[in-house]
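Okay, query-v4.cif is below, mmCIF, C-alpha atoms:
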data_entry
loop_
_atom_site.label_atom_id
_atom_site.label_comp_id
_atom_site.auth_asym_id
_atom_site.auth_seq_id
_atom_site.Cartn_x
_atom_site.Cartn_y
_atom_site.Cartn_z
CA MET A 6 1.44 -25.29 10.44
CA ASP A 7 -1.32 -23.32 8.77
CA ALA A 8 -0.57 -19.97 7.20
CA ALA A 9 -2.31 -17.90 9.87
CA THR A 10 -0.23 -19.59 12.58
CA ARG A 11 2.94 -18.93 10.60
CA VAL A 12 2.02 -15.27 10.09
CA LYS A 13 1.18 -14.84 13.75
CA GLY A 14 4.43 -16.56 14.76
CA LEU A 15 6.56 -14.29 12.58
CA LEU A 16 4.84 -11.18 13.89
CA GLY A 17 5.18 -12.46 17.44
CA GLU A 18 8.95 -12.83 16.93
CA ALA A 19 9.36 -9.42 15.28
CA PHE A 20 7.13 -7.65 17.81
CA ALA A 21 7.95 -9.61 20.95
CA GLY A 22 5.86 -8.51 23.91
CA ASP A 23 3.53 -6.42 21.71
CA GLU A 24 -0.12 -6.93 20.85
CA VAL A 25 -0.44 -8.88 17.61
CA SER A 26 -3.59 -10.25 16.02
CA VAL A 27 -4.11 -12.08 12.75
CA GLU A 28 -7.47 -12.62 11.09
CA ASP A 29 -7.96 -14.95 8.15
CA ARG A 30 -10.44 -12.74 6.29
CA THR A 31 -11.83 -15.30 3.90
CA GLY A 32 -11.10 -18.58 5.68
CA GLY A 33 -8.93 -19.56 2.73
CA GLY A 34 -5.64 -19.11 4.54
CA ASP A 35 -4.22 -16.45 2.21
CA HIS A 36 -6.11 -13.18 2.86
CA PHE A 37 -5.10 -11.72 6.19
CA GLN A 38 -5.88 -8.72 8.32
CA VAL A 39 -3.04 -8.15 10.78
CA THR A 40 -3.09 -5.67 13.62
CA VAL A 41 0.00 -4.74 15.58
CA VAL A 42 0.18 -2.38 18.54
CA SER A 43 3.80 -1.66 19.38
CA THR A 44 6.01 0.91 21.08
CA ARG A 45 8.30 0.49 18.04
CA PHE A 46 5.80 2.46 15.93
CA GLU A 47 5.99 5.59 17.99
CA GLY A 48 7.42 8.50 16.06
CA LEU A 49 7.27 6.59 12.76
CA SER A 50 5.18 7.47 9.72
CA LEU A 51 2.51 5.00 8.60
CA VAL A 52 4.75 4.00 5.69
CA GLU A 53 7.59 3.22 8.10
CA GLN A 54 5.23 1.33 10.41
CA HIS A 55 3.88 -0.81 7.59
CA ARG A 56 7.41 -1.45 6.31
CA LEU A 57 8.27 -3.04 9.67
CA VAL A 58 5.30 -5.38 9.28
CA TYR A 59 6.27 -6.20 5.69
CA ASP A 60 9.83 -6.92 6.84
CA ALA A 61 8.53 -9.37 9.44
CA LEU A 62 6.37 -11.11 6.81
CA ALA A 63 8.88 -11.01 3.94
CA GLY A 64 8.97 -14.83 3.73
CA PRO A 65 5.26 -15.53 3.32
CA LEU A 66 4.89 -12.45 1.08
CA ALA A 67 7.66 -13.64 -1.24
CA ASP A 68 6.65 -17.30 -1.43
CA GLY A 69 3.02 -16.58 -2.26
CA THR A 70 1.54 -17.73 1.07
CA ILE A 71 -0.02 -14.30 1.51
CA HIS A 72 -2.17 -13.25 -1.44
CA GLU A 73 -3.64 -10.23 0.26
CA LEU A 74 -2.56 -8.41 3.38
CA ARG A 75 -4.37 -5.68 5.25
CA ILE A 76 -2.36 -3.95 7.92
CA SER A 77 -3.41 -1.87 10.88
CA THR A 78 -0.66 -0.46 13.10
CA LYS A 79 -0.79 1.63 16.24
CA GLY A 80 1.67 3.00 18.73
CA THR A 81 0.90 2.27 22.37
CA GLN A 82 0.42 5.87 23.44
CA MET B 3 11.02 -0.15 -18.04
CA ARG B 4 12.42 0.82 -14.66
CA ASP B 5 13.24 4.28 -15.97
CA GLN B 6 9.72 4.70 -17.28
CA ILE B 7 8.22 3.72 -13.91
CA LYS B 8 10.64 6.00 -12.07
CA ASP B 9 9.77 8.85 -14.40
CA LEU B 10 6.03 8.29 -13.85
CA ILE B 11 6.49 8.34 -10.08
CA GLU B 12 8.54 11.50 -10.20
CA THR B 13 6.49 13.46 -12.71
CA SER B 14 2.91 12.47 -11.79
CA ASP B 15 1.08 14.49 -9.15
CA VAL B 16 -0.51 11.30 -7.88
CA ALA B 17 0.60 7.93 -9.25
CA LEU B 18 -1.54 4.88 -8.48
CA PHE B 19 -0.06 1.50 -9.42
CA MET B 20 -2.99 -0.86 -9.39
CA LYS B 21 -4.41 -4.14 -10.62
CA GLY B 22 -6.62 -3.21 -13.59
CA THR B 23 -7.63 0.27 -14.67
CA PRO B 24 -9.98 2.80 -13.05
CA GLN B 25 -12.56 1.71 -15.64
CA PHE B 26 -12.08 -1.98 -14.84
CA VAL B 27 -10.54 -2.57 -11.43
CA MET B 28 -9.30 -6.13 -10.87
CA CYS B 29 -8.67 -6.08 -7.12
CA GLY B 30 -10.52 -4.96 -4.01
CA ASN B 31 -7.55 -3.14 -2.53
CA SER B 32 -6.90 -1.24 -5.73
CA GLN B 33 -10.57 -0.24 -5.68
CA ARG B 34 -10.30 0.95 -2.05
CA ALA B 35 -7.27 3.09 -2.89
CA LEU B 36 -8.87 4.53 -6.01
CA ASP B 37 -12.11 5.33 -4.17
CA ALA B 38 -10.28 7.13 -1.34
CA LEU B 39 -8.18 9.14 -3.81
CA ARG B 40 -11.28 10.06 -5.82
CA ARG B 41 -13.14 11.20 -2.69
CA ALA B 42 -10.18 13.47 -1.96
CA GLY B 43 -10.33 14.79 -5.53
CA ALA B 44 -6.82 13.60 -6.33
CA PRO B 45 -5.50 13.91 -9.91
CA VAL B 46 -4.74 10.22 -10.30
CA THR B 47 -2.38 8.84 -12.91
CA ALA B 48 -3.26 5.15 -12.93
CA VAL B 49 -0.89 2.42 -14.06
CA ASP B 50 -2.13 -1.16 -14.52
CA ILE B 51 0.57 -3.57 -13.30
CA LEU B 52 -1.15 -6.71 -14.59
CA PRO B 53 -0.18 -6.74 -18.30
CA ASP B 54 3.46 -7.62 -17.55
CA PRO B 55 4.86 -9.16 -14.32
CA ARG B 56 8.02 -7.11 -14.75
CA ILE B 57 6.09 -3.92 -13.97
CA ARG B 58 5.42 -5.10 -10.43
CA GLN B 59 8.97 -6.43 -10.00
CA GLU B 60 10.54 -3.17 -11.13
CA LEU B 61 8.10 -1.07 -9.11
CA SER B 62 8.71 -3.00 -5.88
CA ALA B 63 12.47 -2.89 -6.49
CA LEU B 64 12.22 0.91 -6.73
CA SER B 65 9.85 1.46 -3.83
CA GLY B 66 10.80 -1.36 -1.47
CA TRP B 67 7.06 -1.94 -1.02
CA PRO B 68 5.94 -5.51 -1.65
CA THR B 69 2.21 -5.17 -2.29
CA ILE B 70 -0.18 -3.55 -4.76
CA PRO B 71 -1.65 -0.93 -4.85
CA GLN B 72 1.08 1.64 -4.30
CA ILE B 73 0.31 5.34 -4.18
CA PHE B 74 2.82 8.12 -4.70
CA VAL B 75 2.13 11.82 -4.22
CA GLY B 76 4.64 14.28 -5.61
CA GLY B 77 7.13 11.45 -6.10
CA GLU B 78 6.91 10.13 -2.53
CA LEU B 79 5.45 6.79 -1.49
CA ILE B 80 2.34 7.38 0.61
CA GLY B 81 1.58 3.69 1.08
CA GLY B 82 -1.03 1.16 0.04
CA ALA B 83 -4.81 0.97 0.39
CA ASP B 84 -4.82 0.70 4.19
CA ILE B 85 -2.71 3.81 4.67
CA VAL B 86 -4.59 5.86 2.10
CA GLU B 87 -7.89 4.99 3.79
CA GLU B 88 -6.44 5.79 7.20
CA LEU B 89 -5.09 9.13 5.94
CA GLU B 90 -8.49 9.90 4.46
CA ARG B 91 -10.25 9.19 7.77
CA SER B 92 -7.87 11.46 9.67
CA GLY B 93 -8.12 14.23 7.06
CA GLU B 94 -4.40 13.94 6.30
CA LEU B 95 -4.89 12.74 2.72
CA GLU B 96 -6.22 16.08 1.55
CA GLN B 97 -3.58 17.89 3.63
CA THR B 98 -0.85 15.83 1.99
CA LEU B 99 -2.26 16.56 -1.47
CA ARG B 100 -2.31 20.28 -0.74
CA ALA B 101 1.14 20.25 0.81
CA LYS B 102 2.69 18.41 -2.12
CA LEU B 103 0.67 19.75 -5.03
CA GLY B 104 -0.47 23.19 -3.87
CA ASP B 105 -4.01 24.30 -3.04
CA GLU B 106 -5.20 24.37 -6.64
CA PHE B 107 -4.36 20.85 -7.74
CA GLY B 108 -6.30 19.49 -10.70
CA THR B 109 -8.56 16.48 -10.37
CA GLU B 110 -8.26 14.92 -13.79
CA GLU B 111 -7.68 11.18 -13.95
CA ARG B 112 -5.50 9.55 -16.58
CA VAL B 113 -4.27 6.08 -17.41
CA VAL B 114 -0.71 5.41 -18.53
CA VAL B 115 0.49 2.16 -20.04
CA VAL B 116 3.92 0.92 -19.02
CA ALA B 117 5.65 -1.32 -21.53
#
Could you rewrite the structure in this file as structure tokens?
Amino acid sequence: MDAATRVKGLLGEAFAGDEVSVEDRTGGGDHFQVTVVSTRFEGLSLVEQHRLVYDALAGPLADGTIHELRISTKGTQ
Amino acid sequence: MRDQIKDLIETSDVALFMKGTPQFVMCGNSQRALDALRRAGAPVTAVDILPDPRIRQELSALSGWPTIPQIFVGGELIGGADIVEELERSGELEQTLRAKLGDEFGTEERVVVVA
């Protein structure tokens, strides 16, 4: 499984039913732009929203799969 | 070292933990954060995390934030480059600076070495 697929899979599990997209920014499989639109973000600060994304991607962040991560989060309202 | 980092976070108006220094930035995201803070006129205290891997370990242990850069205003984690840029776009970055530091915050930049 390539890294983008793994990242997308983890986000899909953590944000089941929500809109998740993953872009490999450089084509190298380690610089990603992820965008998540979720009802779970409503009422949360940006720091709290990004923490949820980091929690979902703790594995690939810790093992060095992800060298650079850009995050965009939105509530659904 | 953890105490020194904690002290910097708590006592700096704006603490930016980055890769490189403002004079020689080593990472695109650190540059994005620095640029956004500069446009807002923030009094940035910059800390280069690259000289010693323990700086990043201790910082992330304190903040619970896994990536670099990390920006703190008035002792509170504001986020990384994406959030700072988003706050700048929405006008909230300057509001946050005023709310935390008062209307007359200075704009002077400094670099602190953690060892």
Checklist line | Check: which chain A residues lie within 9 Å of chain B using all atoms listed in the file, as a PyMOL selection string | finding: chain A and resi 51-52+55-56+59+63+66-67+73-77
Return as AutoDock Vina command-line options the centre and edge lengths, in Å with one decimal, of the box along x, y and z that encloses every atom of region 34-52 of chain A in the file, padded by 4 Å per side.
--center_x 1.1 --center_y -5.3 --center_z 11.6 --size_x 22.4 --size_y 35.6 --size_z 26.9
Pick out the residues sitting within 10 Å of Val46 (chain B), and hand them over as a compact mmCIF listing (two decimals) with C-alpha atoms, in the frame of the given file; count all atoms listed in the file, and ignore anything fewer than 5 positions along from it in its own chain.
# COMPACT_ATOMS: atom_id res chain seq x y z
CA SER B 14 2.91 12.47 -11.79
CA ASP B 15 1.08 14.49 -9.15
CA VAL B 16 -0.51 11.30 -7.88
CA ALA B 17 0.60 7.93 -9.25
CA LEU B 18 -1.54 4.88 -8.48
CA PHE B 19 -0.06 1.50 -9.42
CA PRO B 24 -9.98 2.80 -13.05
CA LEU B 36 -8.87 4.53 -6.01
CA LEU B 39 -8.18 9.14 -3.81
CA ARG B 40 -11.28 10.06 -5.82
CA ILE B 73 0.31 5.34 -4.18
CA PHE B 74 2.82 8.12 -4.70
CA VAL B 75 2.13 11.82 -4.22
CA GLY B 108 -6.30 19.49 -10.70
CA THR B 109 -8.56 16.48 -10.37
CA GLU B 110 -8.26 14.92 -13.79
CA GLU B 111 -7.68 11.18 -13.95
CA ARG B 112 -5.50 9.55 -16.58
CA VAL B 113 -4.27 6.08 -17.41
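If only C-alpha atoms are the atoms counted, then among A:Gly33, A:Thr40, A:Ser26, A:Thr81 the closest residue to Gly14 (chain A) is A:Ser26.
Residue membership of the PyMOL selection byres ((chain B and resi 4) around 9) in the shown file amounts to B:Met3, B:Asp5, B:Gln6, B:Ile7, B:Lys8, B:Asp9, B:Ile57, B:Glu60, B:Leu61, B:Ala63, B:Leu64.
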